[in-house]
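Data block for data_38.txt (compact mmCIF, C-alpha atoms):
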# COMPACT_ATOMS: atom_id res chain seq x y z
CA MET N 6 -5.50 -8.01 7.89
CA ASN N 7 -2.89 -9.72 10.04
CA PHE N 8 0.43 -11.16 8.98
CA LYS N 9 -0.86 -14.74 8.95
CA THR N 10 -3.65 -13.62 6.64
CA ILE N 11 -1.17 -12.03 4.26
CA LEU N 12 0.89 -15.22 4.10
CA SER N 13 -2.19 -17.35 3.46
CA LEU N 14 -3.37 -15.34 0.48
CA ALA N 15 -3.24 -16.75 -3.03
CA ALA N 16 -0.06 -17.50 -4.93
CA LEU N 17 2.68 -14.93 -5.07
CA SER N 18 2.75 -12.27 -7.75
CA LEU N 19 4.56 -12.67 -11.05
CA ILE N 20 7.88 -11.37 -9.80
CA GLY N 21 8.24 -14.57 -7.80
CA ALA N 22 9.07 -15.37 -4.21
CA ASN N 23 12.52 -16.92 -4.37
CA ALA N 24 15.42 -14.64 -3.61
CA ALA N 25 18.12 -14.95 -6.22
CA PRO N 26 21.77 -14.29 -5.39
CA VAL N 27 22.51 -10.60 -5.74
CA ASN N 28 24.01 -9.86 -9.13
CA ASN N 29 27.46 -8.38 -8.44
CA GLU N 30 27.17 -6.30 -11.61
CA CYS N 31 24.02 -4.59 -10.33
CA GLN N 32 24.83 -0.92 -9.62
CA CYS N 33 22.22 -0.96 -6.87
CA ASN N 34 24.68 -2.95 -4.70
CA ASN N 35 26.80 0.11 -4.02
CA ARG N 36 23.86 2.51 -3.67
CA CYS N 37 21.75 0.50 -1.22
CA GLN N 38 22.55 1.60 2.34
CA GLY N 39 20.80 -1.34 3.98
CA TYR N 40 19.49 -4.72 2.80
CA LEU N 41 19.26 -5.37 -0.93
CA VAL N 42 16.48 -7.94 -1.33
CA GLN N 43 16.41 -9.54 -4.76
CA PHE N 44 13.29 -11.36 -5.98
CA SER N 45 14.78 -12.39 -9.31
CA GLU N 46 17.81 -11.44 -11.36
CA ASN N 47 16.25 -8.19 -12.51
CA ALA N 48 13.77 -7.45 -9.70
CA TYR N 49 15.06 -6.03 -6.43
CA THR N 50 14.21 -3.64 -3.63
CA CYS N 51 16.43 -1.83 -1.15
CA LEU N 52 15.48 -1.67 2.54
CA THR N 53 17.08 1.13 4.56
CA PRO N 54 16.70 2.13 8.24
CA ALA N 55 13.57 4.18 8.80
CA ASN N 56 13.49 7.86 9.65
CA PHE N 57 10.68 10.37 10.22
CA TYR N 58 10.20 11.10 6.53
CA THR N 59 10.31 7.53 5.21
CA LEU N 60 7.87 6.32 7.87
CA ARG N 61 5.27 8.73 6.52
CA GLY N 62 5.59 8.00 2.82
CA LYS N 63 7.27 4.65 2.14
CA HIS N 64 6.52 0.96 2.55
CA CYS N 65 7.94 0.06 5.97
CA ILE N 66 8.35 -3.26 7.79
CA ASN N 67 9.92 -4.74 10.90
CA VAL N 68 13.20 -6.56 10.25
CA LYS N 69 15.02 -8.90 12.63
CA GLY N 70 18.06 -11.06 11.96
CA HIS N 71 17.68 -14.73 12.92
CA PHE N 72 20.66 -14.43 15.28
CA SER N 73 19.49 -11.19 16.86
CA ASN N 74 16.82 -10.34 19.42
CA GLN N 75 16.52 -6.79 18.13
CA THR N 76 13.84 -5.72 15.67
CA ASN N 77 14.33 -2.53 13.66
CA ILE N 78 12.11 -0.66 11.23
CA TYR N 79 13.24 -0.54 7.60
CA CYS N 80 11.60 1.21 4.66
CA VAL N 81 11.82 0.76 0.91
CA ASP N 82 14.33 3.08 -0.75
CA GLU N 83 12.39 3.76 -3.94
CA GLU N 84 15.34 5.33 -5.76
CA ASN N 85 17.18 2.02 -5.47
CA SER N 86 14.23 -0.32 -6.04
CA ASN N 87 12.62 -1.37 -9.29
CA VAL N 88 9.64 -3.36 -7.99
CA ASN N 89 6.61 -1.09 -8.37
CA LEU N 90 4.40 -3.09 -6.04
CA CYS N 91 6.77 -2.08 -3.20
CA ASN N 92 7.04 1.58 -4.25
CA LYS N 93 4.30 3.57 -2.55
CA SER N 94 4.55 6.35 -5.13
CA SER N 95 3.71 3.91 -7.94
CA ASN N 96 0.22 3.13 -9.21
CA GLY N 97 1.25 -0.52 -9.02
CA TYR N 98 1.86 -0.40 -5.25
CA ASN N 99 0.28 -3.29 -3.35
CA TYR N 100 0.91 -3.56 0.39
CA ASP N 101 -0.10 -7.23 0.73
CA GLN N 102 1.91 -8.49 -2.24
CA CYS N 103 4.99 -6.46 -1.37
CA THR N 104 5.07 -7.64 2.25
CA ARG N 105 4.44 -11.24 1.23
CA ASN N 106 7.25 -11.20 -1.34
CA LEU N 107 9.67 -9.53 1.06
CA TYR N 108 8.88 -12.13 3.71
CA PHE N 109 9.80 -15.08 1.51
CA ALA N 110 12.74 -13.42 -0.25
CA ALA N 111 14.34 -12.27 3.01
CA ARG N 112 14.38 -15.76 4.49
CA SER N 113 17.38 -16.71 2.36
CA MET N 114 19.17 -13.71 3.90
CA SER N 115 18.47 -14.94 7.47
CA LEU N 116 16.05 -12.07 8.03
CA GLU N 117 12.62 -12.16 9.65
CA ILE N 118 10.03 -9.78 8.22
CA SER N 119 6.87 -8.69 10.03
CA ILE N 120 4.32 -5.90 9.70
CA TYR N 121 5.21 -2.52 11.13
CA ASN N 122 2.36 -0.86 13.06
CA GLU N 123 -0.32 -3.25 11.80
CA ASP N 124 -3.42 -1.37 13.03
CA GLN N 125 -2.31 1.84 11.37
CA VAL N 126 -1.37 0.09 8.13
CA LYS N 127 -4.73 -1.68 8.05
CA ALA N 128 -6.59 1.60 8.59
CA GLU N 129 -4.68 3.30 5.78
CA VAL N 130 -5.22 0.45 3.30
CA PHE N 131 -8.94 0.05 4.04
CA CYS N 132 -9.52 3.82 3.99
CA GLN N 133 -7.89 4.21 0.58
CA ARG N 134 -9.83 1.24 -0.79
CA ARG N 135 -13.03 3.15 0.05
CA LYS N 136 -11.68 6.23 -1.77
CA GLY N 137 -11.33 8.07 1.52
CA TYR N 138 -8.60 10.40 2.77
CA TYR N 139 -6.24 8.92 5.36
CA LEU N 140 -4.69 11.56 7.64
CA GLU N 141 -2.06 10.81 10.29
CA SER N 142 -0.26 13.06 12.74
CA ASP N 143 3.29 12.98 14.04
CA ASP N 144 2.22 11.19 17.25
CA GLU N 145 0.61 8.24 15.40
CA GLN N 146 -2.96 9.48 15.73
CA TYR N 147 -4.93 8.96 12.54
CA VAL N 148 -8.32 9.59 10.97
CA CYS N 149 -9.97 8.24 7.85
CA LEU N 150 -12.27 10.72 6.13
CA ASP N 151 -15.04 8.80 4.38
CA ILE N 152 -17.47 10.16 1.82
CA ASN N 153 -20.74 11.14 3.50
CA ASP N 154 -23.14 12.97 1.18
CA LYS N 155 -26.35 12.38 3.16
CA GLU N 156 -28.67 15.36 3.06
CA ASP N 157 -29.33 15.08 6.80
CA ASN N 158 -25.62 15.01 7.65
CA ASN N 159 -25.15 17.71 10.28
CA ARG N 160 -21.94 16.57 11.96
CA PRO N 161 -19.93 19.77 12.56
CA GLU N 162 -16.55 18.04 12.07
CA CYS N 163 -17.38 16.95 8.50
CA VAL N 164 -15.44 18.80 5.84
CA THR N 165 -14.96 19.32 2.14
CA ILE N 166 -11.65 18.84 0.34
CA GLU N 167 -10.28 21.57 -1.90
CA GLY N 168 -10.37 20.36 -5.49
CA ASP N 169 -13.10 17.82 -4.67
CA ASN N 170 -16.28 19.86 -4.44
CA ASN N 171 -18.59 16.95 -5.17
CA HIS N 172 -18.41 15.30 -1.75
CA THR N 173 -18.51 15.90 1.98
CA TYR N 174 -16.16 13.82 4.13
CA CYS N 175 -16.63 12.72 7.74
CA PRO N 176 -14.31 10.87 10.16
CA SER N 177 -14.82 7.12 9.91
CA GLU N 178 -15.93 5.26 13.03
CA THR N 179 -13.75 2.25 12.18
CA ASP N 180 -10.41 3.37 10.72
CA THR N 181 -9.84 6.22 13.19
CA ASN N 182 -8.04 6.04 16.53
CA VAL N 183 -8.98 9.42 18.05
CA ASP N 184 -12.08 9.26 20.26
CA PHE N 185 -12.79 12.99 20.01
CA CYS N 186 -13.77 12.51 16.35
CA ASP N 187 -16.30 9.74 17.05
CA PRO N 188 -19.79 10.95 18.12
CA LYS N 189 -20.41 7.58 19.77
CA LYS N 190 -17.41 7.88 22.09
CA GLU N 191 -17.45 9.57 25.49
CA GLY N 192 -14.55 11.84 24.59
CA TYR N 193 -16.23 13.22 21.46
CA ASP N 194 -15.44 16.90 20.84
CA SER N 195 -16.28 18.28 17.40
CA GLU N 196 -14.21 21.45 17.84
CA LYS N 197 -11.14 19.49 18.92
CA CYS N 198 -11.69 17.06 16.06
CA PHE N 199 -11.88 19.85 13.50
CA ARG N 200 -8.64 21.39 14.81
CA PHE N 201 -6.97 17.98 14.60
CA LEU N 202 -8.18 17.49 11.02
CA ARG N 203 -6.74 20.87 10.04
CA MET N 204 -3.39 20.01 11.59
CA ALA N 205 -3.21 16.46 10.19
CA ALA N 206 -4.32 17.61 6.74
CA SER N 207 -1.53 20.19 6.58
CA GLN N 208 1.01 17.49 7.50
CA ASN N 209 -0.34 15.20 4.76
CA ASN N 210 -0.56 17.84 2.00
CA VAL N 211 -4.36 17.80 1.93
CA LYS N 212 -6.23 21.11 1.82
CA LEU N 213 -9.48 21.08 3.74
CA GLY N 214 -12.45 23.25 2.98
CA SER N 215 -15.34 23.55 5.41
CA ASN N 216 -18.95 22.48 5.78
CA ASN N 217 -19.86 26.07 6.75
CA LYS N 218 -20.07 25.21 10.44
CA HIS N 219 -16.55 26.50 11.19

Rewrite the coordinates I just gave you, this time as structure tokens.
Amino acid sequence: MNFKTILSLAALSLIGANAAPVNNECQCNNRCQGYLVQFSENAYTCLTPANFYTLRGKHCINVKGHFSNQTNIYCVDEENSNVNLCNKSSNGYNYDQCTRNLYFAARSMSLEISIYNEDQVKAEVFCQRRKGYYLESDDEQYVCLDINDKEDNNRPECVTIEGDNNHTYCPSETDTNVDFCDPKKEGYDSEKCFRFLRMAASQNNVKLGSNNKH
């Protein structure tokens, strides 16, 4: 999934792609501490400068003004946005549609929108589509835990998830950027991988069990 692919997808979602002038009576004007991007008269989202917490849990993008050479990271302020497809906490969240709509709507504001950290975003989206657990650390290392219920599965770094006793999960070979969790890589180290999974899981509010090898 690259940005050109996103822009070439089918027609925009029902909220529309044209940015309407911001309604001066909208209370969100005063609350939004960044860019208020309006898709229609009653559909808007607020983009605010990113920080450590928003980068981990919100929809974030790169933003550059047409008359500026500087690109900054902005994230959706969900408290001041009413478009569910851009709110990561909503069941209606859709990364592709949100980014596509923001791209077109922001053009009328002389803003350029691009994907923030594309490889990591792609890994998270694909992992979640497979019903896996996406875990990332503070230093941008990440692992996707995929379901692996094979009877002959003896990988020591595979784990169970508390509250999900029906499956065993193993680090994916594709949507993972740490070599020590990939048995096919030279730097593979199952003990180091398991320690990383414990640390990343605690940072992402996921409670790991064990596969009885640790």

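Residue nearest Leu140 (chain N), chosen from N:Ile118, N:Cys91, N:Val164, N:Val211 and counting all atoms listed in the file: N:Val211.
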
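Residues in contact with Leu107 (chain N) at up to 10 Å, not including ones fewer than 6 positions away on its chain and judged by all atoms listed in the file, are Ala22, Asn23, Ala24, Val42, Gln43, Phe44, Tyr49, Thr50, Leu52, Ile66, Cys91, Leu116, Glu117, Ile118 and Ser119 of chain N.
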
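Our summary of the geometry notes that CA of Asn67 (chain N) is positioned 13.5 Å from CA of Arg112 (chain N).
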
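Compared by their closest atoms to Thr104 (chain N), and using only C-alpha atoms, the residues N:Lys197, N:Lys189, N:His64, N:His172 rank with N:His64 nearest.
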
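Going from CA of Glu141 (chain N) to CA of Thr76 (chain N) covers 23.6 Å.
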
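For the pair CA of Cys186 (chain N) and CA of Leu213 (chain N), the separation is 15.8 Å.
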
Just add N, CA, C and O atoms to region 112-135 of chain N and send it as a PDB file, keeping the file's coordinate frame.
ATOM      1  N   ARG N 112      14.009 -14.574   3.718  1.00  0.00           N
ATOM      2  CA  ARG N 112      14.380 -15.760   4.490  1.00  0.00           C
ATOM      3  C   ARG N 112      15.742 -16.299   4.094  1.00  0.00           C
ATOM      4  O   ARG N 112      16.494 -16.801   4.932  1.00  0.00           O
ATOM      5  N   SER N 113      16.080 -16.208   2.804  1.00  0.00           N
ATOM      6  CA  SER N 113      17.380 -16.710   2.360  1.00  0.00           C
ATOM      7  C   SER N 113      18.518 -15.813   2.847  1.00  0.00           C
ATOM      8  O   SER N 113      19.686 -16.183   2.754  1.00  0.00           O
ATOM      9  N   MET N 114      18.179 -14.630   3.371  1.00  0.00           N
ATOM     10  CA  MET N 114      19.170 -13.710   3.900  1.00  0.00           C
ATOM     11  C   MET N 114      19.218 -13.771   5.429  1.00  0.00           C
ATOM     12  O   MET N 114      19.821 -12.921   6.074  1.00  0.00           O
ATOM     13  N   SER N 115      18.551 -14.779   6.006  1.00  0.00           N
ATOM     14  CA  SER N 115      18.470 -14.940   7.470  1.00  0.00           C
ATOM     15  C   SER N 115      17.828 -13.730   8.129  1.00  0.00           C
ATOM     16  O   SER N 115      18.250 -13.276   9.198  1.00  0.00           O
ATOM     17  N   LEU N 116      16.788 -13.205   7.488  1.00  0.00           N
ATOM     18  CA  LEU N 116      16.050 -12.070   8.030  1.00  0.00           C
ATOM     19  C   LEU N 116      14.605 -12.480   8.282  1.00  0.00           C
ATOM     20  O   LEU N 116      14.019 -13.249   7.516  1.00  0.00           O
ATOM     21  N   GLU N 117      14.036 -11.959   9.359  1.00  0.00           N
ATOM     22  CA  GLU N 117      12.620 -12.160   9.650  1.00  0.00           C
ATOM     23  C   GLU N 117      11.883 -10.857   9.376  1.00  0.00           C
ATOM     24  O   GLU N 117      12.271  -9.798   9.861  1.00  0.00           O
ATOM     25  N   ILE N 118      10.816 -10.948   8.598  1.00  0.00           N
ATOM     26  CA  ILE N 118      10.030  -9.780   8.220  1.00  0.00           C
ATOM     27  C   ILE N 118       8.661  -9.857   8.898  1.00  0.00           C
ATOM     28  O   ILE N 118       8.018 -10.905   8.906  1.00  0.00           O
ATOM     29  N   SER N 119       8.214  -8.758   9.467  1.00  0.00           N
ATOM     30  CA  SER N 119       6.870  -8.690  10.030  1.00  0.00           C
ATOM     31  C   SER N 119       6.297  -7.301   9.779  1.00  0.00           C
ATOM     32  O   SER N 119       7.015  -6.373   9.399  1.00  0.00           O
ATOM     33  N   ILE N 120       4.999  -7.163   9.997  1.00  0.00           N
ATOM     34  CA  ILE N 120       4.320  -5.900   9.700  1.00  0.00           C
ATOM     35  C   ILE N 120       4.675  -4.843  10.735  1.00  0.00           C
ATOM     36  O   ILE N 120       4.648  -5.098  11.939  1.00  0.00           O
ATOM     37  N   TYR N 121       4.974  -3.657  10.251  1.00  0.00           N
ATOM     38  CA  TYR N 121       5.210  -2.520  11.130  1.00  0.00           C
ATOM     39  C   TYR N 121       3.899  -1.792  11.381  1.00  0.00           C
ATOM     40  O   TYR N 121       3.198  -1.412  10.448  1.00  0.00           O
ATOM     41  N   ASN N 122       3.540  -1.635  12.660  1.00  0.00           N
ATOM     42  CA  ASN N 122       2.360  -0.860  13.060  1.00  0.00           C
ATOM     43  C   ASN N 122       1.112  -1.345  12.325  1.00  0.00           C
ATOM     44  O   ASN N 122       0.483  -0.609  11.565  1.00  0.00           O
ATOM     45  N   GLU N 123       0.719  -2.585  12.582  1.00  0.00           N
ATOM     46  CA  GLU N 123      -0.320  -3.250  11.800  1.00  0.00           C
ATOM     47  C   GLU N 123      -1.657  -2.510  11.807  1.00  0.00           C
ATOM     48  O   GLU N 123      -2.304  -2.364  10.763  1.00  0.00           O
ATOM     49  N   ASP N 124      -2.118  -2.044  12.969  1.00  0.00           N
ATOM     50  CA  ASP N 124      -3.420  -1.370  13.030  1.00  0.00           C
ATOM     51  C   ASP N 124      -3.450  -0.137  12.141  1.00  0.00           C
ATOM     52  O   ASP N 124      -4.437   0.130  11.447  1.00  0.00           O
ATOM     53  N   GLN N 125      -2.363   0.621  12.168  1.00  0.00           N
ATOM     54  CA  GLN N 125      -2.310   1.840  11.370  1.00  0.00           C
ATOM     55  C   GLN N 125      -2.239   1.520   9.883  1.00  0.00           C
ATOM     56  O   GLN N 125      -2.890   2.170   9.065  1.00  0.00           O
ATOM     57  N   VAL N 126      -1.465   0.506   9.531  1.00  0.00           N
ATOM     58  CA  VAL N 126      -1.370   0.090   8.130  1.00  0.00           C
ATOM     59  C   VAL N 126      -2.728  -0.373   7.624  1.00  0.00           C
ATOM     60  O   VAL N 126      -3.171  -0.019   6.529  1.00  0.00           O
ATOM     61  N   LYS N 127      -3.412  -1.175   8.430  1.00  0.00           N
ATOM     62  CA  LYS N 127      -4.730  -1.680   8.050  1.00  0.00           C
ATOM     63  C   LYS N 127      -5.710  -0.531   7.829  1.00  0.00           C
ATOM     64  O   LYS N 127      -6.473  -0.526   6.858  1.00  0.00           O
ATOM     65  N   ALA N 128      -5.691   0.455   8.727  1.00  0.00           N
ATOM     66  CA  ALA N 128      -6.590   1.600   8.590  1.00  0.00           C
ATOM     67  C   ALA N 128      -6.320   2.361   7.302  1.00  0.00           C
ATOM     68  O   ALA N 128      -7.247   2.757   6.588  1.00  0.00           O
ATOM     69  N   GLU N 129      -5.040   2.566   6.992  1.00  0.00           N
ATOM     70  CA  GLU N 129      -4.680   3.300   5.780  1.00  0.00           C
ATOM     71  C   GLU N 129      -5.131   2.556   4.524  1.00  0.00           C
ATOM     72  O   GLU N 129      -5.723   3.140   3.613  1.00  0.00           O
ATOM     73  N   VAL N 130      -4.867   1.248   4.480  1.00  0.00           N
ATOM     74  CA  VAL N 130      -5.220   0.450   3.300  1.00  0.00           C
ATOM     75  C   VAL N 130      -6.731   0.425   3.099  1.00  0.00           C
ATOM     76  O   VAL N 130      -7.239   0.663   1.997  1.00  0.00           O
ATOM     77  N   PHE N 131      -7.488   0.145   4.164  1.00  0.00           N
ATOM     78  CA  PHE N 131      -8.940   0.050   4.040  1.00  0.00           C
ATOM     79  C   PHE N 131      -9.555   1.410   3.699  1.00  0.00           C
ATOM     80  O   PHE N 131     -10.514   1.492   2.933  1.00  0.00           O
ATOM     81  N   CYS N 132      -9.011   2.478   4.280  1.00  0.00           N
ATOM     82  CA  CYS N 132      -9.520   3.820   3.990  1.00  0.00           C
ATOM     83  C   CYS N 132      -9.339   4.153   2.516  1.00  0.00           C
ATOM     84  O   CYS N 132     -10.260   4.645   1.856  1.00  0.00           O
ATOM     85  N   GLN N 133      -8.166   3.888   1.983  1.00  0.00           N
ATOM     86  CA  GLN N 133      -7.890   4.210   0.580  1.00  0.00           C
ATOM     87  C   GLN N 133      -8.705   3.336  -0.362  1.00  0.00           C
ATOM     88  O   GLN N 133      -9.085   3.777  -1.446  1.00  0.00           O
ATOM     89  N   ARG N 134      -8.996   2.109   0.047  1.00  0.00           N
ATOM     90  CA  ARG N 134      -9.830   1.240  -0.790  1.00  0.00           C
ATOM     91  C   ARG N 134     -11.245   1.801  -0.917  1.00  0.00           C
ATOM     92  O   ARG N 134     -11.927   1.565  -1.918  1.00  0.00           O
ATOM     93  N   ARG N 135     -11.696   2.541   0.099  1.00  0.00           N
ATOM     94  CA  ARG N 135     -13.030   3.150   0.050  1.00  0.00           C
ATOM     95  C   ARG N 135     -13.000   4.537  -0.579  1.00  0.00           C
ATOM     96  O   ARG N 135     -13.987   5.267  -0.517  1.00  0.00           O
TER      97      ARG N 135
END
